[in-house]
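Note: the block below is start24.csv and it holds CSV, C-alpha atoms and all ligand atoms.
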```csv
chain,number,residue,atom,x,y,z
A,1,MET,CA,0.0,0.0,0.0
A,2,ILE,CA,1.0,3.6,-0.4
A,3,PRO,CA,1.9,5.4,2.9
A,4,PRO,CA,-0.2,8.4,4.1
A,5,GLN,CA,1.3,11.8,3.4
A,6,PHE,CA,3.9,13.2,5.7
A,7,ASP,CA,6.6,15.8,5.7
A,8,TYR,CA,10.2,14.5,5.5
A,9,ILE,CA,13.0,16.3,7.4
A,10,ARG,CA,16.5,15.1,7.4
A,11,ALA,CA,18.0,16.1,10.7
A,12,SER,CA,21.5,17.5,10.6
A,13,SER,CA,22.0,17.2,14.4
A,14,ILE,CA,20.6,15.4,17.4
A,15,ASP,CA,19.4,18.7,18.8
A,16,GLU,CA,17.5,19.6,15.7
A,17,ALA,CA,15.8,16.1,15.7
A,18,VAL,CA,14.9,16.5,19.4
A,19,ASP,CA,13.5,20.0,18.8
A,20,ILE,CA,11.2,18.9,16.0
A,21,LEU,CA,10.1,15.8,17.8
A,22,SER,CA,9.4,17.7,21.0
A,23,GLU,CA,7.4,20.4,19.2
A,24,ASP,CA,5.1,18.0,17.3
A,25,PRO,CA,3.7,15.0,19.1
A,26,ASN,CA,2.8,13.4,15.8
A,27,ALA,CA,6.3,13.5,14.4
A,28,LYS,CA,8.3,10.3,14.4
A,29,ALA,CA,12.0,9.5,14.2
A,30,LEU,CA,13.1,7.4,11.2
A,31,ALA,CA,16.3,5.4,11.7
A,32,GLY,CA,16.7,2.3,9.5
A,33,GLY,CA,13.0,2.3,8.5
A,34,GLN,CA,12.8,-1.5,8.8
A,35,SER,CA,9.8,-1.4,11.2
A,36,LEU,CA,8.4,2.1,10.6
A,37,ILE,CA,8.2,2.0,6.8
A,38,PRO,CA,6.2,-1.3,6.8
A,39,LEU,CA,3.9,0.3,9.4
A,40,LEU,CA,3.4,3.3,7.1
A,41,LYS,CA,2.7,1.1,4.1
A,42,LEU,CA,0.1,-0.8,6.1
A,43,ARG,CA,-1.3,2.6,7.2
A,44,ALA,CA,-0.9,1.4,10.8
A,45,ALA,CA,1.0,4.7,11.5
A,46,ALA,CA,0.3,8.1,10.1
A,47,PRO,CA,3.0,10.6,11.4
A,48,SER,CA,2.8,14.2,10.4
A,49,LYS,CA,6.5,14.4,10.0
A,50,LEU,CA,9.3,11.8,9.6
A,51,VAL,CA,12.5,13.1,11.2
A,52,ASP,CA,15.3,11.1,9.5
A,53,ILE,CA,18.1,10.6,12.0
A,54,GLY,CA,19.8,8.0,9.8
A,55,ARG,CA,22.7,10.1,8.7
A,56,LEU,CA,23.7,11.3,12.2
A,57,LYS,CA,27.2,9.8,12.2
A,58,GLU,CA,27.7,10.7,15.9
A,59,LEU,CA,25.1,8.0,16.7
A,60,ARG,CA,26.8,5.3,14.8
A,61,TYR,CA,29.5,3.5,16.8
A,62,VAL,CA,30.4,0.5,18.9
A,63,ARG,CA,33.3,1.0,21.2
A,64,GLN,CA,34.8,-0.4,24.4
A,65,ALA,CA,34.0,1.6,27.5
A,66,GLY,CA,35.8,0.3,30.6
A,67,ASP,CA,34.7,-3.3,31.2
A,68,GLY,CA,31.7,-2.8,29.0
A,69,LEU,CA,30.6,-1.3,25.7
A,70,ALA,CA,29.0,1.8,24.4
A,71,VAL,CA,26.8,1.2,21.4
A,72,GLY,CA,25.4,4.2,19.4
A,73,ALA,CA,21.7,4.1,18.7
A,74,LEU,CA,22.4,4.0,14.9
A,75,ALA,CA,24.7,1.0,15.0
A,76,THR,CA,23.1,-1.4,12.5
A,77,HIS,CA,22.4,-5.0,13.1
A,78,ALA,CA,25.0,-5.8,10.4
A,79,GLU,CA,27.7,-3.6,12.2
A,80,LEU,CA,27.0,-5.5,15.4
A,81,GLU,CA,27.2,-8.8,13.5
A,82,ARG,CA,30.7,-7.8,12.5
A,83,TRP,CA,31.7,-6.6,16.0
A,84,ALA,CA,34.8,-8.7,17.1
A,85,GLY,CA,35.5,-7.2,20.5
A,86,PRO,CA,34.1,-8.2,24.0
A,87,CYS,CA,30.4,-9.0,24.4
A,88,GLY,CA,30.5,-11.7,21.7
A,89,VAL,CA,26.8,-12.2,22.4
A,90,LEU,CA,26.1,-9.1,20.3
A,91,PRO,CA,27.3,-10.6,16.9
A,92,GLU,CA,25.7,-13.9,17.9
A,93,ALA,CA,22.3,-12.2,18.4
A,94,ALA,CA,22.7,-9.8,15.4
A,95,ARG,CA,23.1,-12.6,12.9
A,96,GLN,CA,19.8,-14.1,14.0
A,97,ILE,CA,17.9,-11.0,13.1
A,98,GLY,CA,15.9,-10.9,9.8
A,99,ASP,CA,17.9,-11.2,6.6
A,100,PRO,CA,21.0,-9.3,5.2
A,101,GLN,CA,18.9,-6.4,3.9
A,102,ILE,CA,17.1,-5.9,7.2
A,103,ARG,CA,20.4,-6.2,9.1
A,104,SER,CA,22.2,-3.7,6.9
A,105,MET,CA,19.5,-1.0,7.5
A,106,GLY,CA,17.9,-1.8,10.9
A,107,THR,CA,19.5,-0.3,14.0
A,108,ILE,CA,19.7,-1.3,17.6
A,109,GLY,CA,18.1,2.0,18.7
A,110,GLY,CA,15.2,1.5,16.3
A,111,SER,CA,14.6,-2.0,17.6
A,112,LEU,CA,14.6,-1.0,21.2
A,113,ALA,CA,12.3,2.0,20.6
A,114,HIS,CA,9.9,-0.1,18.5
A,115,ALA,CA,9.7,-2.7,21.4
A,116,ASP,CA,8.2,-5.5,19.4
A,117,PRO,CA,7.5,-8.1,22.1
A,118,ALA,CA,9.3,-10.8,20.0
A,119,ALA,CA,12.3,-8.7,18.9
A,120,ASP,CA,15.8,-10.0,19.7
A,121,TRP,CA,17.7,-7.0,21.1
A,122,PRO,CA,15.4,-6.4,24.0
A,123,ALA,CA,16.2,-9.8,25.6
A,124,VAL,CA,20.0,-9.3,24.9
A,125,VAL,CA,20.1,-5.9,26.5
A,126,LEU,CA,18.1,-7.1,29.5
A,127,ALA,CA,20.5,-10.0,30.1
A,128,LEU,CA,23.5,-7.6,29.7
A,129,GLY,CA,22.1,-5.2,32.3
A,130,ALA,CA,22.3,-2.4,29.7
A,131,VAL,CA,21.2,1.2,30.3
A,132,VAL,CA,19.4,3.1,27.5
A,133,LYS,CA,20.5,6.7,27.2
A,134,ALA,CA,17.9,9.0,25.8
A,135,ARG,CA,18.3,12.7,24.8
A,136,GLY,CA,15.2,14.8,25.1
A,137,PRO,CA,14.2,18.4,25.5
A,138,SER,CA,15.3,18.4,29.1
A,139,GLY,CA,18.7,16.8,28.5
A,140,LEU,CA,20.1,13.2,28.8
A,141,ARG,CA,18.3,10.6,30.8
A,142,GLU,CA,19.5,7.1,31.6
A,143,VAL,CA,16.9,4.3,31.8
A,144,PRO,CA,17.9,0.8,32.9
A,145,ALA,CA,16.7,-1.8,30.3
A,146,GLU,CA,14.6,-3.3,33.0
A,147,GLU,CA,12.5,-0.2,33.2
A,148,PHE,CA,12.6,0.7,29.5
A,149,PHE,CA,10.1,-1.9,28.1
A,150,GLN,CA,6.6,-1.2,29.4
A,151,GLY,CA,4.5,-3.4,27.1
A,152,PRO,CA,4.0,-4.3,23.5
A,153,TYR,CA,5.4,-1.5,21.4
A,154,SER,CA,5.6,0.7,24.5
A,155,THR,CA,8.6,2.1,26.2
A,156,ALA,CA,9.7,4.6,28.8
A,157,LEU,CA,10.7,7.1,26.1
A,158,GLN,CA,8.9,10.4,26.6
A,159,GLN,CA,7.8,12.8,23.8
A,160,GLY,CA,10.7,14.2,22.0
A,161,GLU,CA,13.2,11.7,23.4
A,162,LEU,CA,15.7,9.9,21.1
A,163,ILE,CA,17.7,6.9,22.2
A,164,VAL,CA,21.3,8.0,21.7
A,165,GLU,CA,23.3,5.1,23.2
A,166,VAL,CA,23.0,1.7,24.7
A,167,SER,CA,25.5,1.3,27.5
A,168,ILE,CA,26.6,-2.1,28.6
A,169,PRO,CA,28.4,-1.7,31.9
A,170,ARG,CA,30.2,-5.1,32.1
A,171,CYS,CA,30.6,-7.6,29.3
A,172,PRO,CA,29.9,-11.1,30.7
A,173,PRO,CA,32.8,-13.6,30.2
A,174,ARG,CA,30.2,-16.2,29.1
A,175,ALA,CA,27.0,-15.4,27.3
A,176,SER,CA,24.8,-16.6,24.5
A,177,TYR,CA,21.5,-15.8,22.7
A,178,VAL,CA,19.3,-18.6,21.4
A,179,LYS,CA,16.3,-17.9,19.2
A,180,ILE,CA,13.6,-20.4,18.2
A,181,ALA,CA,11.7,-19.3,15.2
A,182,LYS,CA,9.8,-20.9,12.3
A,183,THR,CA,12.3,-19.6,9.7
A,184,HIS,CA,15.6,-17.8,10.0
A,185,ASN,CA,14.2,-14.4,9.1
A,186,ASP,CA,11.1,-14.6,11.3
A,187,PHE,CA,10.5,-13.2,14.8
A,188,ALA,CA,11.2,-15.4,17.8
A,189,ILE,CA,8.7,-17.9,19.1
A,190,ALA,CA,11.0,-17.8,22.1
A,191,GLY,CA,14.4,-16.3,22.5
A,192,VAL,CA,16.6,-16.4,25.5
A,193,ALA,CA,19.8,-14.5,26.3
A,194,ALA,CA,22.1,-15.8,29.1
A,195,ALA,CA,25.0,-14.0,30.7
A,196,VAL,CA,27.0,-15.8,33.3
A,197,TRP,CA,29.9,-15.0,35.6
A,198,ALA,CA,31.5,-18.1,37.1
A,199,LYS,CA,34.4,-18.7,39.5
A,200,ASP,CA,36.1,-22.1,40.3
A,201,GLY,CA,33.4,-23.9,38.4
A,202,VAL,CA,30.6,-22.2,40.3
A,203,VAL,CA,27.9,-19.9,38.9
A,204,GLU,CA,28.5,-16.6,40.8
A,205,GLU,CA,26.1,-14.4,38.9
A,206,VAL,CA,23.7,-15.1,36.1
A,207,ARG,CA,21.2,-13.0,34.1
A,208,LEU,CA,18.6,-14.7,31.8
A,209,ALA,CA,16.1,-12.8,29.7
A,210,ALA,CA,13.5,-13.9,27.3
A,211,THR,CA,11.6,-12.5,24.3
A,212,GLY,CA,8.6,-13.7,22.4
A,213,VAL,CA,7.0,-15.2,25.5
A,214,GLY,CA,5.0,-12.4,26.9
A,215,LEU,CA,3.8,-8.9,26.3
A,216,LYS,CA,7.3,-7.6,26.8
A,217,PRO,CA,10.8,-9.0,27.3
A,218,VAL,CA,11.4,-10.4,30.8
A,219,ARG,CA,14.1,-11.4,33.1
A,220,LEU,CA,13.8,-15.1,34.0
A,221,ARG,CA,14.4,-14.6,37.7
A,222,LYS,CA,13.2,-18.0,38.9
A,223,ALA,CA,15.5,-19.8,36.4
A,224,GLU,CA,18.3,-17.5,37.6
A,225,GLU,CA,17.7,-18.4,41.2
A,226,ALA,CA,17.7,-22.1,40.3
A,227,ILE,CA,21.3,-22.0,39.2
A,228,ARG,CA,23.0,-19.1,41.1
A,229,GLY,CA,25.7,-20.4,43.4
A,230,ARG,CA,25.6,-23.8,41.9
A,231,LYS,CA,28.4,-25.9,40.5
A,232,ILE,CA,28.5,-25.9,36.7
A,233,ALA,CA,27.2,-29.3,35.6
A,234,GLY,CA,24.7,-30.8,33.2
A,235,ASP,CA,21.9,-31.0,35.8
A,236,LEU,CA,21.6,-27.2,35.8
A,237,LEU,CA,20.2,-27.4,32.2
A,238,ALA,CA,17.1,-29.4,33.0
A,239,GLU,CA,16.4,-27.2,36.1
A,240,VAL,CA,16.8,-24.0,34.1
A,241,ALA,CA,14.5,-25.2,31.4
A,242,GLU,CA,11.8,-26.3,33.8
A,243,ALA,CA,11.9,-23.0,35.8
A,244,ALA,CA,11.9,-20.8,32.6
A,245,SER,CA,8.9,-22.6,31.2
A,246,ARG,CA,7.0,-22.2,34.4
A,247,GLU,CA,7.6,-18.5,34.9
A,248,VAL,CA,6.9,-17.1,31.5
A,249,GLU,CA,3.4,-15.8,30.6
A,250,PRO,CA,3.1,-16.2,26.8
A,251,VAL,CA,0.1,-15.5,24.7
A,252,SER,CA,-1.2,-17.3,21.6
A,253,ASP,CA,-1.0,-15.6,18.2
A,254,VAL,CA,-0.7,-16.5,14.5
A,255,ARG,CA,2.9,-17.8,15.0
A,256,ALA,CA,2.4,-20.1,17.9
A,257,SER,CA,0.1,-21.1,20.8
A,258,ALA,CA,0.9,-20.0,24.3
A,259,GLU,CA,1.7,-23.6,25.3
A,260,TYR,CA,4.2,-24.0,22.5
A,261,ARG,CA,5.9,-20.7,23.4
A,262,ARG,CA,6.1,-21.8,27.0
A,263,ALA,CA,7.7,-25.1,26.0
A,264,MET,CA,10.1,-23.3,23.7
A,265,ALA,CA,11.1,-20.8,26.4
A,266,GLY,CA,12.4,-23.8,28.4
A,267,VAL,CA,14.2,-25.2,25.3
A,268,ALA,CA,15.8,-21.8,24.5
A,269,ALA,CA,16.9,-21.2,28.1
A,270,ARG,CA,18.5,-24.6,28.3
A,271,ARG,CA,20.3,-24.1,25.0
A,272,ALA,CA,21.4,-20.6,25.8
A,273,LEU,CA,22.8,-21.7,29.2
A,274,ARG,CA,24.5,-24.8,27.6
A,275,ARG,CA,26.2,-22.6,25.0
A,276,ALA,CA,27.2,-19.9,27.6
A,277,LEU,CA,28.7,-22.5,29.9
A,278,GLY,CA,30.2,-24.6,27.1
A,279,LEU,CA,28.5,-27.8,28.4
B,301,LIG,C1,11.0,-8.8,7.2
B,301,LIG,C2,11.5,-8.3,8.5
B,301,LIG,C3,12.1,-9.2,9.4
B,301,LIG,C4,12.5,-8.8,10.6
B,301,LIG,N1,13.0,-9.8,11.5
B,301,LIG,C5,13.4,-9.4,12.7
B,301,LIG,C6,13.9,-10.4,13.6
B,301,LIG,O1,14.1,-11.5,13.3
B,301,LIG,N2,14.3,-9.9,14.8
B,301,LIG,C7,14.1,-8.6,15.2
B,301,LIG,O2,14.4,-8.3,16.4
B,301,LIG,N3,13.6,-7.7,14.4
B,301,LIG,C8,13.3,-8.0,13.1
B,301,LIG,N4,12.8,-7.1,12.3
B,301,LIG,C9,12.7,-5.7,12.7
B,301,LIG,C10,14.1,-5.0,12.5
B,301,LIG,O3,15.0,-5.5,13.4
B,301,LIG,C11,14.1,-3.4,12.6
B,301,LIG,O4,15.3,-3.0,12.1
B,301,LIG,C12,14.0,-2.8,13.9
B,301,LIG,O5,12.9,-3.3,14.6
B,301,LIG,C13,13.8,-1.3,13.9
B,301,LIG,O6,15.0,-0.6,13.6
B,301,LIG,P1,15.0,0.5,12.5
B,301,LIG,O7,16.3,1.2,12.7
B,301,LIG,O8,14.7,-0.1,11.2
B,301,LIG,O9,13.9,1.5,13.1
B,301,LIG,P2,12.8,2.3,12.3
B,301,LIG,O10,11.9,1.4,11.5
B,301,LIG,O11,13.4,3.5,11.6
B,301,LIG,O12,12.0,2.9,13.6
B,301,LIG,C14,11.2,2.0,14.4
B,301,LIG,C15,10.6,2.8,15.5
B,301,LIG,O13,11.6,3.3,16.4
B,301,LIG,C16,11.6,4.7,16.5
B,301,LIG,N5,13.0,5.0,16.5
B,301,LIG,C17,14.0,4.7,15.7
B,301,LIG,N6,15.2,5.0,16.1
B,301,LIG,C18,15.0,5.7,17.3
B,301,LIG,C19,15.8,6.3,18.3
B,301,LIG,N7,17.2,6.4,18.1
B,301,LIG,N8,15.2,6.9,19.3
B,301,LIG,C20,13.9,6.9,19.5
B,301,LIG,N9,13.0,6.3,18.7
B,301,LIG,C21,13.6,5.7,17.6
B,301,LIG,C22,10.9,5.2,15.2
B,301,LIG,O14,10.3,6.4,15.4
B,301,LIG,C23,9.9,4.1,15.1
B,301,LIG,O15,8.8,4.3,15.9
B,301,LIG,C24,12.4,-7.5,11.0
B,301,LIG,C25,11.8,-6.5,10.1
B,301,LIG,C26,11.4,-6.9,8.9
B,301,LIG,C27,10.8,-5.9,8.0
```
In structure tokens, write the structure found in this file.
Ligand SMILES: Cc1cc2nc3c(=O)[nH]c(=O)nc-3n(C[C@H](O)[C@H](O)[C@H](O)COP(=O)(O)OP(=O)(O)OC[C@H]3O[C@@H](n4cnc5c(N)ncnc54)[C@H](O)[C@@H]3O)c2cc1C
Amino acid sequence: MIPPQFDYIRASSIDEAVDILSEDPNAKALAGGQSLIPLLKLRAAAPSKLVDIGRLKELRYVRQAGDGLAVGALATHAELERWAGPCGVLPEAARQIGDPQIRSMGTIGGSLAHADPAADWPAVVLALGAVVKARGPSGLREVPAEEFFQGPYSTALQQGELIVEVSIPRCPPRASYVKIAKTHNDFAIAGVAAAVWAKDGVVEEVRLAATGVGLKPVRLRKAEEAIRGRKIAGDLLAEVAEAASREVEPVSDVRASAEYRRAMAGVAARRALRRALGL
């Protein structure tokens, strides 16, 4: 279908984009366009203005920051797929998103702002304990990933705010992201990211997060509790799968029934932990 009419403005700075977005509640930022353009074509969105932030080079980077990483909002899935530094879970997750065309245009900031309840990055940033940095009319705000996702397609972003960076405070030494989907370029039926810190063969700290199995991405806290402080061994896997399946609250849709998603949450959790621990 043909999108409804809108004005197109190519922002030449973050400040300019924030100014326009704060003045007009019906204006929308355009990053890679891989979620917004399909919505426009379906006429499921009808913004008055599209503020194209896609050429703001200052938002396009991935760099080490202390023990963690700073990822600019406009880093594309493909750039993260090619990232060869710490936090190897980023390329592992990126290559599971869509197809090469989507990955070369779509951005991490766009994915988080869009907040599709089955998108891949939200589970990964939750497991990494990331902080979303947003610039708005009143300056810079830092929102922990756990508070950022509020429901399907709904986030803590306020009017006029742009995600500028995803900050990962500490790259886990062991991490993995496993996605179960019908086809490679489809959204997750269930996806689980696991980040693990271990010492002397014992799990010291673990963060597990799931997507596709509820109205928003969630931490799998019961599954985490089941393995925190335990010796790394094969029996952890069955326990984590059981706990993850029990604690998620999936809904049925065209892709899968709630029961199937629940079962796959367990499978994805088990596989993610197995890969992270190298079992
Ligand atoms: C065929 C297909 C398959 C896909 N498969 C997957 C998949 O397997 N897994 C997956 O996770 N995703 C998938 N996607 C979605 C894809 O990852 C998108 O790239 C992503 O959801 C949005 O990023 P974008 O840069 O394209 O954002 P856009 O489409 O430009 O914007 C999306 C929304 O975010 C807002 N926005 C964008 N950037 C910012 C910012 N910096 N600050 C504030 N708001 C912002 C926009 O206003 C808009 O509301 C798929 C998409 C398609 C079309």
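Shortest atom-to-atom contact with ligand LIG 301 (chain B) among A:Ser22, A:Ser48, A:Thr76, A:Gln64: A:Thr76, counting only C-alpha atoms and all ligand atoms.
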Using only C-alpha atoms and all ligand atoms, what does the table of chain A residues within 7 Å of ligand LIG 301 (chain B) look like, with each row giving the shortest atom pair and its distance in Å to one decimal, sorted by chain and ascending number, as a Markdown table?
```
| residue | atom | partner | partner_atom | distance |
| --- | --- | --- | --- | --- |
| A:Lys28 | CA | B:LIG301 | O14 | 4.5 |
| A:Ala29 | CA | B:LIG301 | O14 | 3.7 |
| A:Leu30 | CA | B:LIG301 | O11 | 3.9 |
| A:Ala31 | CA | B:LIG301 | O11 | 3.5 |
| A:Gly32 | CA | B:LIG301 | O7 | 3.4 |
| A:Gly33 | CA | B:LIG301 | O10 | 3.3 |
| A:Gln34 | CA | B:LIG301 | O8 | 3.4 |
| A:Ser35 | CA | B:LIG301 | O10 | 3.5 |
| A:Leu36 | CA | B:LIG301 | O10 | 3.7 |
| A:Ile37 | CA | B:LIG301 | O10 | 6.0 |
| A:Pro38 | CA | B:LIG301 | C27 | 6.6 |
| A:Ala73 | CA | B:LIG301 | N7 | 5.1 |
| A:Leu74 | CA | B:LIG301 | N7 | 6.6 |
| A:Gln96 | CA | B:LIG301 | O1 | 6.3 |
| A:Ile97 | CA | B:LIG301 | O1 | 3.8 |
| A:Gly98 | CA | B:LIG301 | N1 | 3.5 |
| A:Asp99 | CA | B:LIG301 | C3 | 6.7 |
| A:Ile102 | CA | B:LIG301 | O4 | 6.0 |
| A:Arg103 | CA | B:LIG301 | O4 | 6.7 |
| A:Met105 | CA | B:LIG301 | O8 | 6.1 |
| A:Gly106 | CA | B:LIG301 | O4 | 3.1 |
| A:Thr107 | CA | B:LIG301 | O7 | 3.8 |
| A:Ile108 | CA | B:LIG301 | O6 | 6.2 |
| A:Gly109 | CA | B:LIG301 | N7 | 4.5 |
| A:Gly110 | CA | B:LIG301 | O6 | 3.4 |
| A:Ser111 | CA | B:LIG301 | O5 | 3.7 |
| A:Ala113 | CA | B:LIG301 | O13 | 4.5 |
| A:His114 | CA | B:LIG301 | C15 | 4.2 |
| A:Ala118 | CA | B:LIG301 | O2 | 6.7 |
| A:Ala119 | CA | B:LIG301 | O2 | 3.3 |
| A:Asp120 | CA | B:LIG301 | O2 | 4.0 |
| A:Trp121 | CA | B:LIG301 | O2 | 5.9 |
| A:Glu161 | CA | B:LIG301 | C20 | 6.2 |
| A:Leu162 | CA | B:LIG301 | N8 | 3.5 |
| A:Ile163 | CA | B:LIG301 | N8 | 3.8 |
| A:Val164 | CA | B:LIG301 | N7 | 5.7 |
| A:Asn185 | CA | B:LIG301 | O1 | 5.1 |
| A:Asp186 | CA | B:LIG301 | O1 | 4.8 |
| A:Phe187 | CA | B:LIG301 | O1 | 4.3 |
| A:Ala188 | CA | B:LIG301 | O1 | 6.6 |
```
Residue nearest Val192 (chain A) - candidates A:Ser12, A:Gln150, A:Thr155, A:Ser245, atoms counted: all atoms listed in the file: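 The answer is A:Ser245, which sits nearest to Val192 (chain A).
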Which one of A:Val71, A:Arg63, A:Glu249, A:Pro100 sits closest to His184 (chain A) if you count only C-alpha atoms?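 The answer is A:Pro100, which sits nearest to His184 (chain A).
Closest to Arg255 (chain A) among A:Ser167, A:Gln159, A:Ser104, A:Thr183 is A:Thr183, based on all atoms listed in the file.
Residue nearest Arg60 (chain A) within the list A:Ala175, A:Ile9, A:Leu90, A:Leu80: A:Leu80 [criterion: smallest interatomic distance, all atoms listed in the file].
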Please, what distance in Å, to one decimal, runs between CA of Ser154 (chain A) and CA of Val248 (chain A)? 19.2 Å
Please list as number ranges by chain every residue within 8 Å of Pro250 (chain A), counting only C-alpha atoms and excluding residues in the same chain fewer than 5 positions away. A: 212-215, 258-259, 261-262
To one decimal place in Å, what is the distance between CA of Thr211 (chain A) and CA of Gly266 (chain A)?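 Distance between the two atoms: 12.0 Å.
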Counting all atoms listed in the file, the option among A:Ile180, A:Ile189, A:Leu126, A:Ala272 closest to Val218 (chain A): A:Leu126
Could you check how far CA of Gly68 (chain A) sits from CA of Ala233 (chain A), in Å to one decimal? 27.7 Å
Closest pair table for region 6-95 of chain A residues within 10 Å of region 131-136 of chain A, all atoms listed in the file, as CSV:
```
residue,atom,partner,partner_atom,distance
A:Ile14,CA,A:Arg135,CA,8.2
A:Asp15,CA,A:Gly136,CA,8.5
A:Ala17,CA,A:Gly136,CA,9.5
A:Val18,CA,A:Gly136,CA,6.0
A:Asp19,CA,A:Gly136,CA,8.3
A:Leu21,CA,A:Gly136,CA,9.0
A:Ser22,CA,A:Gly136,CA,7.7
A:Ala70,CA,A:Val131,CA,9.8
A:Val71,CA,A:Val132,CA,9.8
A:Gly72,CA,A:Lys133,CA,9.5
A:Ala73,CA,A:Lys133,CA,9.0
```
Env of Ala123 (chain A): 9 Å cut, atoms = all atoms listed in the file, seq-sep filter 6 positions within chain, self excluded. Answer as a ChimeraX atom specification. /A:177,191-193,208-211,217-219
Could you pull the residues within 9 Å of Pro47 (chain A), counting all atoms listed in the file, minus those fewer than 6 positions along the same chain, as JSON, numbers by chain? {"A": [4, 5, 6, 7, 25, 26, 27, 28, 40]}
Got a sec: who's within 12 Å of Asp235 (chain A), counting only C-alpha atoms, leaving out chain neighbours fewer than 4 positions off, as a compact mmCIF listing (two decimals) with C-alpha atoms, in the coordinates of the input?
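Now in result16.txt:
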```txt
# COMPACT_ATOMS: atom_id res chain seq x y z
CA ALA A 226 17.70 -22.10 40.30
CA ILE A 227 21.30 -22.00 39.20
CA ARG A 230 25.60 -23.80 41.90
CA LYS A 231 28.40 -25.90 40.50
CA GLU A 239 16.40 -27.20 36.10
CA VAL A 240 16.80 -24.00 34.10
CA ALA A 241 14.50 -25.20 31.40
CA GLU A 242 11.80 -26.30 33.80
CA ARG A 270 18.50 -24.60 28.30
CA LEU A 273 22.80 -21.70 29.20
CA ARG A 274 24.50 -24.80 27.60
CA LEU A 279 28.50 -27.80 28.40
```
